[in-house]
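Q: Got entry.pdb for you, PDB, C-alpha atoms:
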```pdb
MODEL        1
ATOM      1  CA  MET A 216     107.838 112.554 109.099
ATOM      2  CA  ALA A 217     104.475 113.837 107.881
ATOM      3  CA  ARG A 218     102.785 116.137 110.370
ATOM      4  CA  ALA A 219      99.117 115.997 111.281
ATOM      5  CA  ARG A 220      96.854 118.787 110.095
ATOM      6  CA  HIS A 221      93.502 119.553 111.613
ATOM      7  CA  THR A 222      90.970 119.522 108.813
ATOM      8  CA  ASP A 223      87.242 119.579 108.217
ATOM      9  CA  ILE A 224      86.779 117.679 104.969
ATOM     10  CA  PRO A 225      83.390 116.013 104.501
ATOM     11  CA  LEU A 226      83.438 112.734 102.630
ATOM     12  CA  ARG A 227      79.750 112.733 101.715
ATOM     13  CA  GLY A 228      79.307 111.741  98.070
ATOM     14  CA  LEU A 229      82.683 110.028  97.738
ATOM     15  CA  ALA A 230      81.781 106.695  96.206
ATOM     16  CA  VAL A 231      84.109 103.736  96.557
ATOM     17  CA  THR A 232      83.798  99.987  96.092
ATOM     18  CA  ASP A 233      83.895  97.523  98.959
ATOM     19  CA  ALA A 234      86.739  95.256  97.871
ATOM     20  CA  ARG A 235      85.363  92.238  99.706
ATOM     21  CA  ASP A 236      81.873  92.100  98.239
ATOM     22  CA  GLY A 237      81.942  94.576  95.346
ATOM     23  CA  SER A 238      79.181  96.748  96.771
ATOM     24  CA  ALA A 239      79.150 100.530  96.388
ATOM     25  CA  ARG A 240      79.841 102.577  99.490
ATOM     26  CA  ASP A 241      79.749 106.251 100.359
ATOM     27  CA  LEU A 242      82.623 107.222 102.660
ATOM     28  CA  GLY A 243      80.381 109.896 104.139
ATOM     29  CA  ASP A 244      78.434 107.059 105.740
ATOM     30  CA  LEU A 245      81.331 106.126 108.015
ATOM     31  CA  VAL A 246      79.931 106.272 111.530
ATOM     32  CA  GLY A 247      81.959 106.991 114.650
ATOM     33  CA  ILE A 248      85.724 107.286 114.648
ATOM     34  CA  ASN A 249      87.718 105.611 111.922
ATOM     35  CA  VAL A 250      91.366 105.555 110.997
ATOM     36  CA  VAL A 251      91.669 105.622 107.218
ATOM     37  CA  VAL A 252      94.887 104.383 105.643
ATOM     38  CA  LEU A 253      95.363 105.304 101.995
ATOM     39  CA  MET A 254      97.790 103.056 100.248
ATOM     40  CA  ARG A 255     100.395 104.292  97.824
ATOM     41  CA  HIS A 256     101.485 102.298  94.826
ATOM     42  CA  ARG A 257     103.294  99.116  95.832
ATOM     43  CA  HIS A 258     106.187  97.903  93.741
TER      44      HIS A 258
ATOM     45  CA  MET B 120      98.705  98.852 111.946
ATOM     46  CA  HIS B 121      95.995  96.482 113.126
ATOM     47  CA  GLU B 122      98.463  94.607 115.318
ATOM     48  CA  GLN B 123      98.736  97.763 117.471
ATOM     49  CA  HIS B 124      95.038  98.590 117.253
ATOM     50  CA  THR B 125      93.393  97.805 120.576
ATOM     51  CA  ASN B 126      90.613 100.388 120.815
ATOM     52  CA  THR B 127      87.583  98.574 119.428
ATOM     53  CA  ALA B 128      85.634 101.842 119.349
ATOM     54  CA  VAL B 129      87.876 102.998 116.502
ATOM     55  CA  GLY B 130      87.317 101.441 113.093
ATOM     56  CA  LEU B 131      90.017 100.746 110.528
ATOM     57  CA  VAL B 132      89.536 101.471 106.834
ATOM     58  CA  PHE B 133      92.018 100.501 104.164
ATOM     59  CA  VAL B 134      91.834 102.394 100.859
ATOM     60  CA  GLY B 135      93.675 101.671  97.660
ATOM     61  CA  PHE B 136      93.297 102.493  93.993
ATOM     62  CA  SER B 137      93.888  98.977  92.700
ATOM     63  CA  PRO B 138      90.940  96.950  91.409
ATOM     64  CA  PRO B 139      88.767  95.540  94.246
ATOM     65  CA  GLU B 140      89.830  91.916  93.779
ATOM     66  CA  ARG B 141      93.515  92.806  94.113
ATOM     67  CA  LEU B 142      92.869  94.847  97.238
ATOM     68  CA  ALA B 143      90.778  92.061  98.747
ATOM     69  CA  ALA B 144      93.668  89.629  98.193
ATOM     70  CA  LEU B 145      96.113  92.062  99.785
ATOM     71  CA  ALA B 146      93.792  92.581 102.767
ATOM     72  CA  ARG B 147      93.563  88.807 103.253
ATOM     73  CA  HIS B 148      97.349  88.587 103.109
ATOM     74  CA  LEU B 149      97.679  91.366 105.703
ATOM     75  CA  ARG B 150      94.797  89.941 107.785
ATOM     76  CA  TRP B 151      93.266  93.415 107.770
ATOM     77  CA  PRO B 152      90.274  93.308 110.131
ATOM     78  CA  GLY B 153      88.416  96.402 108.938
ATOM     79  CA  LEU B 154      86.759  97.753 105.843
ATOM     80  CA  VAL B 155      88.710  97.548 102.561
ATOM     81  CA  VAL B 156      87.658  99.843  99.741
ATOM     82  CA  SER B 157      88.824 100.520  96.223
ATOM     83  CA  ASP B 158      88.960 104.095  94.951
ATOM     84  CA  GLN B 159      90.013 103.433  91.374
ATOM     85  CA  ASN B 160      89.240 106.980  90.214
ATOM     86  CA  ARG B 161      91.278 108.318  93.146
ATOM     87  CA  ASP B 162      88.466 110.701  94.083
ATOM     88  CA  LEU B 163      89.370 110.439  97.764
ATOM     89  CA  TYR B 164      93.053 110.977  97.021
ATOM     90  CA  ARG B 165      92.137 114.166  95.151
ATOM     91  CA  ALA B 166      89.694 115.319  97.831
ATOM     92  CA  LEU B 167      92.453 114.996 100.425
ATOM     93  CA  ARG B 168      94.965 116.629  98.052
ATOM     94  CA  LEU B 169      97.422 113.765  98.325
ATOM     95  CA  GLY B 170     100.260 114.442  95.954
ATOM     96  CA  ARG B 171     102.459 112.474  93.624
ATOM     97  CA  ALA B 172     106.083 111.675  94.355
ATOM     98  CA  PRO B 173     108.868 112.738  92.010
ATOM     99  CA  LEU B 174     110.211 109.886  89.863
ATOM    100  CA  TRP B 175     113.578 109.800  91.608
ATOM    101  CA  ARG B 176     111.793 109.195  94.934
ATOM    102  CA  VAL B 177     109.702 106.327  93.567
ATOM    103  CA  TYR B 178     112.488 104.622  91.683
ATOM    104  CA  SER B 179     115.180 104.791  94.334
ATOM    105  CA  PRO B 180     118.526 103.112  93.626
ATOM    106  CA  ARG B 181     117.397 100.169  95.739
ATOM    107  CA  THR B 182     114.189  99.738  93.743
ATOM    108  CA  VAL B 183     116.057  99.981  90.430
ATOM    109  CA  LEU B 184     118.574  97.401  91.676
ATOM    110  CA  THR B 185     115.777  95.028  92.667
ATOM    111  CA  TYR B 186     114.236  95.349  89.204
ATOM    112  CA  ALA B 187     117.624  94.863  87.535
ATOM    113  CA  ARG B 188     118.307  91.699  89.563
ATOM    114  CA  SER B 189     114.874  90.298  88.713
ATOM    115  CA  ARG B 190     115.458  90.965  85.036
ATOM    116  CA  ARG B 191     118.895  89.345  85.155
ATOM    117  CA  ALA B 192     117.323  86.321  86.808
ATOM    118  CA  GLY B 193     115.035  86.031  83.795
ATOM    119  CA  ARG B 194     111.859  87.168  85.535
ATOM    120  CA  ARG B 195     109.528  89.212  83.370
ATOM    121  CA  LEU B 196     108.262  92.247  85.213
ATOM    122  CA  PRO B 197     104.721  93.338  84.484
ATOM    123  CA  ARG B 198     104.389  96.946  83.410
ATOM    124  CA  PRO B 199     102.597  98.926  86.109
ATOM    125  CA  VAL B 200      99.040  99.759  85.184
ATOM    126  CA  GLU B 201      98.570 102.146  88.085
ATOM    127  CA  ASP B 202     100.109 105.512  88.839
ATOM    128  CA  THR B 203     103.375 104.521  90.485
ATOM    129  CA  ARG B 204     103.891 108.073  91.746
ATOM    130  CA  GLN B 205     100.669 108.400  93.703
ATOM    131  CA  LEU B 206     101.342 109.017  97.388
ATOM    132  CA  GLY B 207      99.298 107.540 100.182
ATOM    133  CA  GLY B 208      98.116 109.190 103.364
ATOM    134  CA  ASP B 209      96.561 108.687 106.772
ATOM    135  CA  ALA B 210      93.445 110.259 108.228
ATOM    136  CA  VAL B 211      91.188 110.217 111.245
ATOM    137  CA  VAL B 212      87.546 110.429 110.202
ATOM    138  CA  VAL B 213      84.745 111.311 112.612
ATOM    139  CA  ASP B 214      81.205 110.622 111.385
ATOM    140  CA  GLY B 215      82.224 110.924 107.749
ATOM    141  CA  THR B 216      84.398 114.022 108.111
ATOM    142  CA  VAL B 217      88.200 114.036 107.984
ATOM    143  CA  VAL B 218      89.361 115.830 111.121
ATOM    144  CA  ARG B 219      93.042 114.893 111.110
ATOM    145  CA  LEU B 220      95.159 114.333 108.023
ATOM    146  CA  TRP B 221      98.757 113.377 107.341
ATOM    147  CA  ARG B 222      99.917 114.246 103.818
ATOM    148  CA  PRO B 223     103.329 112.749 103.016
ATOM    149  CA  ARG B 224     105.883 114.537 100.857
ATOM    150  CA  THR B 225     107.654 111.348  99.843
ATOM    151  CA  PRO B 226     106.613 107.674  99.690
ATOM    152  CA  GLU B 227     108.294 106.951 103.049
ATOM    153  CA  ASP B 228     107.082 110.093 104.786
ATOM    154  CA  ARG B 229     104.331 108.464 106.862
ATOM    155  CA  PRO B 230     103.478 109.004 110.522
ATOM    156  CA  SER B 231     104.030 106.211 113.003
ATOM    157  CA  VAL B 232     101.134 103.860 113.615
ATOM    158  CA  ALA B 233     101.186 104.873 117.281
ATOM    159  CA  GLU B 234     100.756 108.552 116.371
ATOM    160  CA  VAL B 235      97.734 107.934 114.147
ATOM    161  CA  LEU B 236      96.059 105.611 116.642
ATOM    162  CA  ALA B 237      96.736 108.077 119.476
ATOM    163  CA  ALA B 238      95.049 110.839 117.452
ATOM    164  CA  ALA B 239      92.010 108.614 116.955
ATOM    165  CA  ASP B 240      91.898 107.847 120.696
ATOM    166  CA  GLN B 241      92.099 111.581 121.394
ATOM    167  CA  GLU B 242      89.108 112.215 119.111
ATOM    168  CA  GLN B 243      87.195 109.530 120.942
ATOM    169  CA  ARG B 244      87.932 111.107 124.329
ATOM    170  CA  ARG B 245      86.898 114.516 122.955
ATOM    171  CA  ARG B 246      83.638 112.995 121.795
ATOM    172  CA  GLN B 247      82.984 111.426 125.199
ATOM    173  CA  ASN B 248      83.878 114.612 127.109
ATOM    174  CA  PRO B 249      82.939 117.522 124.834
TER     175      PRO B 249
ENDMDL
END
```
Just dump the structure as structure tokens.

A:
Amino acid sequence: MARARHTDIPLRGLAVTDARDGSARDLGDLVGINVVVLMRHRH
Amino acid sequence: MHEQHTNTAVGLVFVGFSPPERLAALARHLRWPGLVVSDQNRDLYRALRLGRAPLWRVYSPRTVLTYARSRRAGRRLPRPVEDTRQLGGDAVVVDGTVVRLWRPRTPEDRPSVAEVLAAADQEQRRRQNP
């Protein structure tokens, strides 16, 4: 099973698209504590 | 994951590299309560150095069998338009900075939901009691 690494990676400037309304978002704007799940390709 | 998510102080963000409309449909299907974002250029995947799986891991015998059965049944399978080898990942982000990261080595090499949520809870406690 993948093991957790302690990191310090700023997300400022990483632009993504809000899938629900199509608006642009900067992941660096995430406030507070968030769990981020990155999907792999789904067959 | 969201079924086990009880700490309302911790947000949930779902990231994929499919087009936004496809991700929105998937999020509706999963009843995902949090933010859903599309990273079609995979900038975040690169920033977190999430790798790509070897072909034999992606197309396991079970997957190949499923495709073969579908083909035999006369179903046309759409050619994938996305990188089928891209791996996912899990992260805990505090005020826009990734503080905990799980990088899988294979498509199935993911941490348990409980482990990721516990790490987020731990970060919250650390924030409350520095």

Q: Which residues fall under the PyMOL selection byres ((chain A and resi 228) around 12) in this file, as a PyMOL selection string?

A: (chain A and resi 224-227+229-231+239-245) or (chain B and resi 162-163+166+215-216)

Q: Can you list, as a ChimeraX atom specification, the residues that the PyMOL selection byres ((chain B) within 8 of (chain A)) selects here?

A: /B:128-136,138-140,142-143,154-159,162-164,167,201-224,226,228-230,235-236,239,242-243

Q: What gap, in Å, lies between atom CA of Pro152 of chain B and atom CA of Gly170 of chain B?

A: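 Value for the atom CA of Pro152 of chain B-atom CA of Gly170 of chain B distance: 27.3 Å.
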
Q: Between atom CA of Ala238 of chain B and atom CA of Thr225 of chain B, what is the spacing in Å?

A: 21.7 Å

Q: Could you please determine the separation between atom CA of Asp240 of chain B and atom CA of Trp151 of chain B in Å, to one decimal place?

A: 19.4 Å
